[in-house]
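Novice: Next up, target_20.txt (compact mmCIF, C-alpha atoms).
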# COMPACT_ATOMS: atom_id res chain seq x y z
CA MET A 14 14.58 -2.34 6.22
CA THR A 15 13.96 -6.06 5.96
CA ALA A 16 12.16 -7.18 2.80
CA ALA A 17 8.42 -7.03 3.36
CA SER A 18 6.22 -10.10 3.28
CA LEU A 19 3.32 -10.20 0.84
CA ASP A 20 0.91 -9.23 3.65
CA GLU A 21 3.17 -6.41 4.84
CA LEU A 22 3.19 -4.86 1.38
CA PHE A 23 -0.46 -4.03 1.86
CA ALA A 24 -0.27 -2.79 5.44
CA GLU A 25 -2.42 0.27 6.11
CA ASN A 26 0.56 2.53 6.80
CA HIS A 27 1.61 2.36 3.15
CA SER A 28 0.03 4.85 0.77
CA LEU A 29 -1.01 2.48 -2.00
CA PRO A 30 -3.20 3.59 -4.90
CA SER A 31 -6.90 3.03 -5.35
CA VAL A 32 -8.44 2.01 -8.65
CA PRO A 33 -9.30 5.19 -10.57
CA LYS A 34 -12.99 6.08 -10.37
CA VAL A 35 -13.33 6.42 -14.15
CA VAL A 36 -12.09 2.83 -14.53
CA ARG A 37 -14.62 1.50 -12.01
CA ASP A 38 -17.42 3.48 -13.65
CA LEU A 39 -16.49 2.42 -17.15
CA ILE A 40 -16.26 -1.27 -16.25
CA GLU A 41 -19.71 -1.00 -14.68
CA VAL A 42 -21.22 0.72 -17.72
CA LEU A 43 -19.64 -1.66 -20.24
CA SER A 44 -20.85 -4.69 -18.29
CA ASN A 45 -24.35 -3.59 -19.34
CA ASP A 46 -25.13 -4.99 -22.79
CA ASN A 47 -27.58 -2.14 -23.30
CA ALA A 48 -25.03 0.62 -22.67
CA THR A 49 -25.19 3.39 -25.28
CA LEU A 50 -22.35 5.32 -26.84
CA SER A 51 -23.52 8.50 -25.14
CA GLN A 52 -23.50 6.84 -21.70
CA VAL A 53 -19.91 5.69 -22.18
CA ALA A 54 -18.89 9.07 -23.59
CA ARG A 55 -20.31 10.89 -20.54
CA LYS A 56 -18.25 8.68 -18.21
CA ILE A 57 -15.05 9.52 -20.10
CA ASP A 58 -15.83 13.21 -20.59
CA VAL A 59 -15.52 13.88 -16.85
CA ASP A 60 -11.78 13.18 -17.11
CA GLN A 61 -10.32 15.97 -19.25
CA VAL A 62 -6.85 14.45 -19.54
CA LEU A 63 -8.29 11.10 -20.62
CA THR A 64 -10.62 12.79 -23.11
CA ALA A 65 -7.69 14.62 -24.66
CA LYS A 66 -5.70 11.39 -24.98
CA MET A 67 -8.62 9.53 -26.55
CA LEU A 68 -9.22 12.27 -29.12
CA ARG A 69 -5.51 12.44 -29.85
CA LEU A 70 -5.46 8.71 -30.47
CA ALA A 71 -8.59 8.75 -32.63
CA ASN A 72 -7.03 11.46 -34.81
CA SER A 73 -3.62 9.75 -35.03
CA PRO A 74 -2.24 8.57 -38.39
CA PHE A 75 -2.61 4.97 -37.21
CA TYR A 76 -6.36 5.11 -37.83
CA GLY A 77 -6.15 7.13 -41.04
CA VAL A 78 -9.26 9.22 -40.37
CA ARG A 79 -9.89 11.78 -43.10
CA ARG A 80 -11.90 14.18 -40.97
CA LYS A 81 -11.17 15.51 -37.49
CA ILE A 82 -12.77 13.60 -34.61
CA SER A 83 -13.86 16.24 -32.10
CA THR A 84 -16.12 14.47 -29.58
CA MET A 85 -15.83 11.36 -27.43
CA GLU A 86 -19.00 9.92 -28.94
CA GLU A 87 -17.43 10.13 -32.41
CA ALA A 88 -14.22 8.57 -31.11
CA ILE A 89 -16.10 5.70 -29.50
CA ARG A 90 -18.13 5.11 -32.65
CA MET A 91 -14.93 4.86 -34.68
CA LEU A 92 -12.77 2.87 -32.23
CA GLY A 93 -15.50 0.61 -30.82
CA LEU A 94 -16.56 0.01 -27.23
CA SER A 95 -14.17 -2.88 -26.62
CA ALA A 96 -11.18 -0.83 -27.77
CA ILE A 97 -12.27 2.12 -25.63
CA ARG A 98 -12.52 -0.14 -22.57
CA THR A 99 -8.97 -1.40 -22.91
CA LEU A 100 -7.58 2.05 -23.70
CA VAL A 101 -9.30 3.72 -20.75
CA ILE A 102 -8.05 1.13 -18.29
CA SER A 103 -4.50 1.26 -19.63
CA SER A 104 -4.41 5.05 -19.73
CA ASN A 105 -5.66 5.41 -16.17
CA LEU A 106 -3.27 2.83 -14.79
CA THR A 107 -0.38 4.85 -16.19
CA GLY A 108 -1.65 7.93 -14.36
CA THR A 109 -2.19 6.18 -11.03
CA PHE A 110 1.53 6.01 -10.22
CA LYS A 111 3.23 9.40 -10.46
CA LYS A 112 6.73 8.51 -9.27
CA VAL A 113 8.21 5.17 -8.21
CA PRO A 114 11.75 4.65 -6.84
CA HIS A 115 14.15 2.86 -9.23
CA VAL A 116 11.54 2.66 -12.01
CA ASP A 117 11.52 4.39 -15.38
CA LEU A 118 7.75 4.71 -15.58
CA PRO A 119 7.44 5.41 -19.34
CA GLY A 120 9.62 2.37 -19.99
CA PHE A 121 7.64 0.27 -17.53
CA TRP A 122 4.30 1.15 -19.14
CA ARG A 123 5.73 0.61 -22.60
CA HIS A 124 6.70 -2.90 -21.51
CA SER A 125 3.26 -3.50 -19.96
CA LEU A 126 1.44 -2.36 -23.09
CA ARG A 127 3.60 -4.62 -25.24
CA VAL A 128 2.72 -7.58 -23.04
CA ALA A 129 -0.93 -6.53 -23.20
CA SER A 130 -0.89 -6.23 -26.98
CA ALA A 131 0.87 -9.57 -27.39
CA ALA A 132 -1.69 -11.15 -25.05
CA ARG A 133 -4.57 -9.73 -27.10
CA HIS A 134 -3.04 -11.10 -30.31
CA LEU A 135 -2.40 -14.55 -28.84
CA ALA A 136 -5.89 -14.70 -27.34
CA ALA A 137 -7.39 -14.00 -30.76
CA GLU A 138 -5.20 -16.71 -32.31
CA SER A 139 -6.08 -19.31 -29.68
CA ARG A 140 -9.78 -18.39 -29.45
CA ALA A 141 -9.60 -19.64 -25.86
CA VAL A 142 -9.83 -16.23 -24.17
CA ASP A 143 -11.57 -12.93 -24.85
CA PRO A 144 -8.86 -10.76 -26.48
CA ASN A 145 -9.91 -7.60 -24.67
CA LEU A 146 -9.81 -9.34 -21.30
CA ALA A 147 -6.36 -10.68 -22.16
CA PHE A 148 -5.24 -7.16 -23.03
CA THR A 149 -6.48 -5.73 -19.75
CA VAL A 150 -4.88 -8.46 -17.65
CA GLY A 151 -1.66 -8.12 -19.64
CA SER A 152 -1.58 -4.38 -19.01
CA MET A 153 -1.80 -5.04 -15.26
CA HIS A 154 0.42 -8.13 -15.07
CA ALA A 155 3.42 -6.30 -13.58
CA ILE A 156 1.69 -3.60 -11.57
CA GLY A 157 2.78 -5.42 -8.42
CA HIS A 158 6.34 -4.49 -9.34
CA LEU A 159 5.49 -0.84 -8.68
CA ILE A 160 4.01 -1.67 -5.27
CA MET A 161 7.17 -3.55 -4.34
CA CYS A 162 9.38 -0.63 -5.37
CA ILE A 163 7.26 1.85 -3.42
CA VAL A 164 7.27 -0.17 -0.20
CA MET A 165 10.84 -1.54 -0.21
CA PRO A 166 13.00 0.59 -2.52
CA GLU A 167 16.28 -0.45 -0.85
CA GLU A 168 15.72 -4.09 -1.75
CA MET A 169 14.29 -3.51 -5.21
CA GLY A 170 16.96 -1.11 -6.47
CA PRO A 171 19.77 -3.69 -6.74
CA LEU A 172 17.36 -6.31 -8.08
CA ASN A 173 16.16 -3.95 -10.82
CA ALA A 174 19.75 -3.21 -11.78
CA SER A 175 20.86 -6.84 -11.96
CA CYS A 176 17.70 -8.41 -13.39
CA PRO A 177 15.32 -5.96 -15.16
CA ILE A 178 11.56 -6.45 -15.04
CA ASP A 179 11.33 -7.45 -18.71
CA THR A 180 13.75 -10.38 -18.54
CA VAL A 181 12.61 -13.97 -18.37
CA LYS A 182 14.62 -14.61 -15.19
CA ARG A 183 13.01 -11.85 -13.14
CA LEU A 184 10.14 -13.82 -11.61
CA GLY A 185 12.46 -16.55 -10.38
CA ALA A 186 14.90 -14.00 -8.97
CA GLU A 187 12.12 -12.39 -6.94
CA GLU A 188 10.89 -15.73 -5.63
CA GLN A 189 14.39 -16.64 -4.54
CA ALA A 190 14.97 -13.31 -2.80
CA LEU A 191 11.51 -12.65 -1.37
CA GLY A 192 9.43 -15.81 -1.49
CA TYR A 193 6.92 -14.29 -3.92
CA HIS A 194 6.96 -12.45 -7.27
CA PHE A 195 5.37 -9.36 -8.75
CA GLY A 196 2.53 -11.40 -10.25
CA ASP A 197 1.48 -12.43 -6.74
CA VAL A 198 1.46 -8.77 -5.72
CA SER A 199 -0.49 -7.78 -8.86
CA ALA A 200 -3.11 -10.41 -8.00
CA ARG A 201 -3.42 -9.12 -4.44
CA LEU A 202 -3.87 -5.55 -5.68
CA ALA A 203 -6.49 -6.63 -8.24
CA SER A 204 -8.37 -8.40 -5.46
CA ARG A 205 -8.29 -5.23 -3.34
CA TRP A 206 -9.64 -3.33 -6.33
CA ASN A 207 -12.52 -5.85 -6.62
CA PHE A 208 -11.57 -7.15 -10.05
CA SER A 209 -13.10 -10.48 -11.08
CA ASP A 210 -11.87 -13.86 -9.83
CA GLU A 211 -10.65 -14.83 -13.32
CA PHE A 212 -8.63 -11.62 -13.41
CA VAL A 213 -7.02 -12.33 -10.04
CA THR A 214 -6.35 -15.99 -10.93
CA ALA A 215 -4.58 -15.03 -14.15
CA LEU A 216 -2.36 -12.47 -12.45
CA GLY A 217 -1.36 -14.90 -9.76
CA GLY A 218 -0.98 -17.83 -12.15
CA PHE A 219 0.73 -16.52 -15.27
CA ALA A 220 4.23 -17.19 -13.92
CA ARG A 221 3.51 -20.94 -13.80
CA PRO A 222 0.27 -21.49 -15.70
CA LEU A 223 0.59 -25.29 -15.78
CA SER A 224 0.41 -25.29 -11.97
CA VAL A 225 -3.09 -23.77 -12.10
CA GLN A 226 -5.57 -26.63 -12.04
CA PRO A 227 -7.71 -26.91 -13.98
CA PHE A 228 -5.60 -25.20 -16.63
CA ASP A 229 -6.49 -21.51 -16.92
CA PRO A 230 -6.15 -20.33 -20.56
CA LEU A 231 -5.93 -16.68 -19.51
CA SER A 232 -2.90 -17.43 -17.30
CA GLY A 233 -1.35 -19.29 -20.22
CA ILE A 234 -1.92 -16.44 -22.65
CA VAL A 235 -0.31 -13.87 -20.35
CA HIS A 236 2.59 -16.26 -19.74
CA LEU A 237 3.23 -16.53 -23.47
CA ALA A 238 2.92 -12.77 -23.91
CA VAL A 239 5.51 -12.13 -21.20
CA TRP A 240 7.78 -14.73 -22.80
CA ARG A 241 7.34 -13.22 -26.27
CA VAL A 242 8.29 -9.75 -25.05
CA ALA A 243 11.33 -11.20 -23.27
CA VAL A 244 12.43 -12.86 -26.52
CA ASP A 245 12.61 -9.44 -28.18
CA ARG A 246 14.35 -7.82 -25.24
CA GLN A 247 16.95 -10.31 -24.11
CA GLU A 248 20.46 -10.47 -25.51
CA ASP A 249 21.24 -14.19 -25.05
CA PRO A 250 21.43 -15.62 -28.61
CA GLU A 251 19.90 -18.90 -27.40
CA GLY A 252 16.86 -17.05 -26.10
CA PRO A 253 14.54 -17.91 -23.21
CA GLY A 254 13.36 -21.51 -23.05
CA TRP A 255 10.59 -22.49 -25.45
CA PRO A 256 7.29 -22.75 -23.48
CA GLY A 257 6.11 -25.75 -25.47
CA GLU A 258 3.70 -27.22 -22.90
CA VAL A 259 1.84 -23.93 -22.53
CA VAL A 260 1.69 -23.50 -26.31
CA ASP A 261 0.25 -27.00 -26.67
CA ALA A 262 -2.27 -26.47 -23.86
CA LEU A 263 -3.60 -23.41 -25.70
CA GLY A 264 -3.79 -25.18 -29.05
CA LEU A 265 -1.24 -22.85 -30.62
CA SER A 266 1.87 -23.74 -32.61
CA ARG A 267 5.51 -22.71 -32.87
CA GLU A 268 4.75 -21.27 -36.30
CA LYS A 269 2.03 -18.95 -34.97
CA LEU A 270 4.36 -17.53 -32.34
CA GLN A 271 7.24 -17.18 -34.78
CA GLN A 272 5.10 -15.48 -37.40
CA MET A 273 3.23 -13.06 -35.12
CA PRO A 274 4.15 -9.35 -35.34
CA THR A 275 6.61 -8.10 -32.76
CA PRO A 276 5.12 -6.78 -29.50
CA ALA A 277 6.45 -3.33 -30.40
CA GLU A 278 4.49 -3.43 -33.66
CA LEU A 279 1.35 -4.67 -31.93
CA ALA A 280 1.52 -1.87 -29.36
CA ALA A 281 2.45 0.91 -31.78
CA ASP A 282 -0.99 2.54 -31.67
CA LEU A 283 -0.85 2.75 -27.86
CA GLU A 284 2.30 4.86 -27.54
CA LEU A 285 0.08 7.91 -27.28
CA MET A 286 -1.36 6.56 -24.04
CA ILE A 287 1.99 6.97 -22.26
CA ALA A 288 3.08 10.15 -24.02
Rewrite the coordinates I just gave you, this time as structure tokens.
Specialist:
Amino acid sequence: MTAASLDELFAENHSLPSVPKVVRDLIEVLSNDNATLSQVARKIDVDQVLTAKMLRLANSPFYGVRRKISTMEEAIRMLGLSAIRTLVISSNLTGTFKKVPHVDLPGFWRHSLRVASAARHLAAESRAVDPNLAFTVGSMHAIGHLIMCIVMPEEMGPLNASCPIDTVKRLGAEEQALGYHFGDVSARLASRWNFSDEFVTALGGFARPLSVQPFDPLSGIVHLAVWRVAVDRQEDPEGPGWPGEVVDALGLSREKLQQMPTPAELAADLELMIA
């Protein structure tokens, strides 16, 4: 088939996923400043697989809990509402796509969680963006890649082989071949799922954050996170180009990026979410 246009990717004849109900419900509950732990716990308890993952994470050595956590309310009290929000969204996104042509899904989600964790760290360093929002956007930044592989596997297979998703050249390669990139597709999907405007703007803008006017710090943070993960992954000794203008726009420094933990270290506690 001929490569699909951005509009054709979302044609009704394609079986594309819907946002998981537990994610919609949880976002709604957590938007209420008066939400109680028990209300959040009840929303999560309806999903047995998610509940098991959350309890497994809460009892993992990473958190060093001395007594067994046996209920969601206990887990939420220990981990905190903001952490639960990011973990629920990330966990459910990994379960939304069961099988995608030419994609190693565990590897894809590992990459996404590393970008998300790097984004959260950089957001905290810059103080320009809410770290939990940065994490959530980072976890979804490449979800458009899965849509593209589902709809046009013949075109995406060779591209995945020659220029993997976690390389710095991937976005440009897609634009050259298709006229758009996976961030554009991620933004379109987020819009269909009724995520906020700032969410959609960041997904569509992270590839070239300086082109978003006025400058969008969230786009810049995700851009740097993607770049930082690519630095660890790529084999060229010279490394991907230094994103100095974006770093300056966010009020960060070369030293902060050089001294930050590796994305793999930052995401270590989330490996259970894709196990």
Novice: Which residues of region 122-171 of chain A come within 9 Å of region 260-275 of chain A, and what is each one's closest atom pair and distance in Å (one decimal), counting only C-alpha atoms, sorted by chain and residue number, as a Markdown table?
Specialist:
| residue | atom | partner | partner_atom | distance |
| --- | --- | --- | --- | --- |
| A:Arg127 | CA | A:Thr275 | CA | 8.8 |
| A:Ala131 | CA | A:Thr275 | CA | 8.0 |
| A:His134 | CA | A:Met273 | CA | 8.1 |
| A:Leu135 | CA | A:Leu270 | CA | 8.2 |
| A:Glu138 | CA | A:Leu265 | CA | 7.5 |
| A:Ser139 | CA | A:Leu265 | CA | 6.1 |
| A:Arg140 | CA | A:Leu263 | CA | 8.8 |
| A:Ala141 | CA | A:Leu263 | CA | 7.1 |
Novice: Enter the distance from CA of Leu231 (chain A) to CA of Gly196 (chain A), in Å, rounded to one decimal.
Specialist: 13.6 Å
Novice: Just to confirm, what's the straight-line distance from CA of Ala147 (chain A) to CA of Arg133 (chain A) in Å (one decimal)?
Specialist: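 Computing it gives 5.3 Å between the two atoms.
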Novice: Between A:Ala190, A:Phe121, A:Ala174, A:Lys66, which residue has the minimum interatomic distance to His158 (chain A), considering all atoms listed in the file?
Specialist: A:Phe121
Novice: At a cut-off of 7 Å around the point (-19.2, 3.0, -27.6) (file coordinates), what residues fall inside when counting only C-alpha atoms? I'd like the answer as an MDAnalysis selection string.
Specialist: chainID A and resid 49:50 53 89:90 93:94
Novice: When you draw a straight line from CA of Val150 (chain A) to CA of Ala129 (chain A), how long is it in Å?
Specialist: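 Here the two named atoms are 7.1 Å from each other.
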Novice: Could you name the residues that touch Cys176 (chain A) at 9 Å or less, counting all atoms listed in the file, but leaving out those on the same chain fewer than 6 positions away, as number ranges by chain?
Specialist: A: 182-183, 186
Novice: Residues at most 10 Å from Pro230 (chain A), counting all atoms listed in the file, excluding those fewer than 2 positions away in the same chain, as an NGL selection string?
Specialist: :A and (136 or 139-142 or 147 or 215 or 219 or 222-223 or 225 or 227-228 or 232-236 or 259 or 262-263)
Novice: So that I can check the surroundings of Asn207 (chain A), please list as a list in words every protein, DNA and RNA residue that reaches within 12 Å of it, counting all atoms listed in the file and ignoring chain neighbours fewer than 5 positions away.
Specialist: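 Contacts, with the query itself left out: Ser31, Val32, Val36, Arg37, Ile40, Glu41, Ala200, Arg201, Leu202, Phe212 and Val213 of chain A.
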Novice: When you count only C-alpha atoms, which of these residues is closest to Ser224 (chain A): A:Leu68, A:Val128, A:Glu258, A:Leu172?
Specialist: A:Glu258
Novice: In the coordinates of the file, take the point (-7.2, -3.6, -25.5) and a cut-off of 12 Å; then, counting only C-alpha atoms, name each qualifying protein, DNA or RNA residue as a PyMOL selection string.
Specialist: chain A and resi 92-104+125-134+136-137+143-153+279-280+282-283+286
Novice: With all atoms listed in the file as the basis for distance, which of A:Val242, A:Leu29, A:Val113, A:Val181 is at the shortest distance from Leu159 (chain A)?
Specialist: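 Closest residue, counting all atoms listed in the file: A:Val113.
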Novice: Could you check the closest approach to Ile178 (chain A) for each of A:Met165, A:Ile57, A:Val62, A:Ala155 and tell me which residue wins, using only C-alpha atoms?
Specialist: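 Of all the options, A:Ala155 lies closest to Ile178 (chain A).
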Novice: Name the residues in contact with Glu168 (chain A) at a cut-off of 12 Å, using only C-alpha atoms, excluding same-chain residues fewer than 4 positions from it; report them as a VMD selection string.
Specialist: chain A and resid 14 to 17 114 to 115 161 to 164 172 to 175 187 190 to 191
Novice: Find the residues near Thr180 (chain A): any atom within 9 Å, counting all atoms listed in the file, skip ones fewer than 4 places away on the same chain, and give them as a list in words.
Specialist: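 Everything that qualifies: Cys176, Leu184, Val239, Trp240, Val242, Ala243, Val244, Arg246, Gln247 and Pro253 of chain A.
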Novice: Counting all atoms listed in the file, figure out which residue out of A:Asp38, A:Gly157, A:Met91, A:His194 gets nearest to Gly77 (chain A).
Specialist: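 The answer is A:Met91, which sits nearest to Gly77 (chain A).
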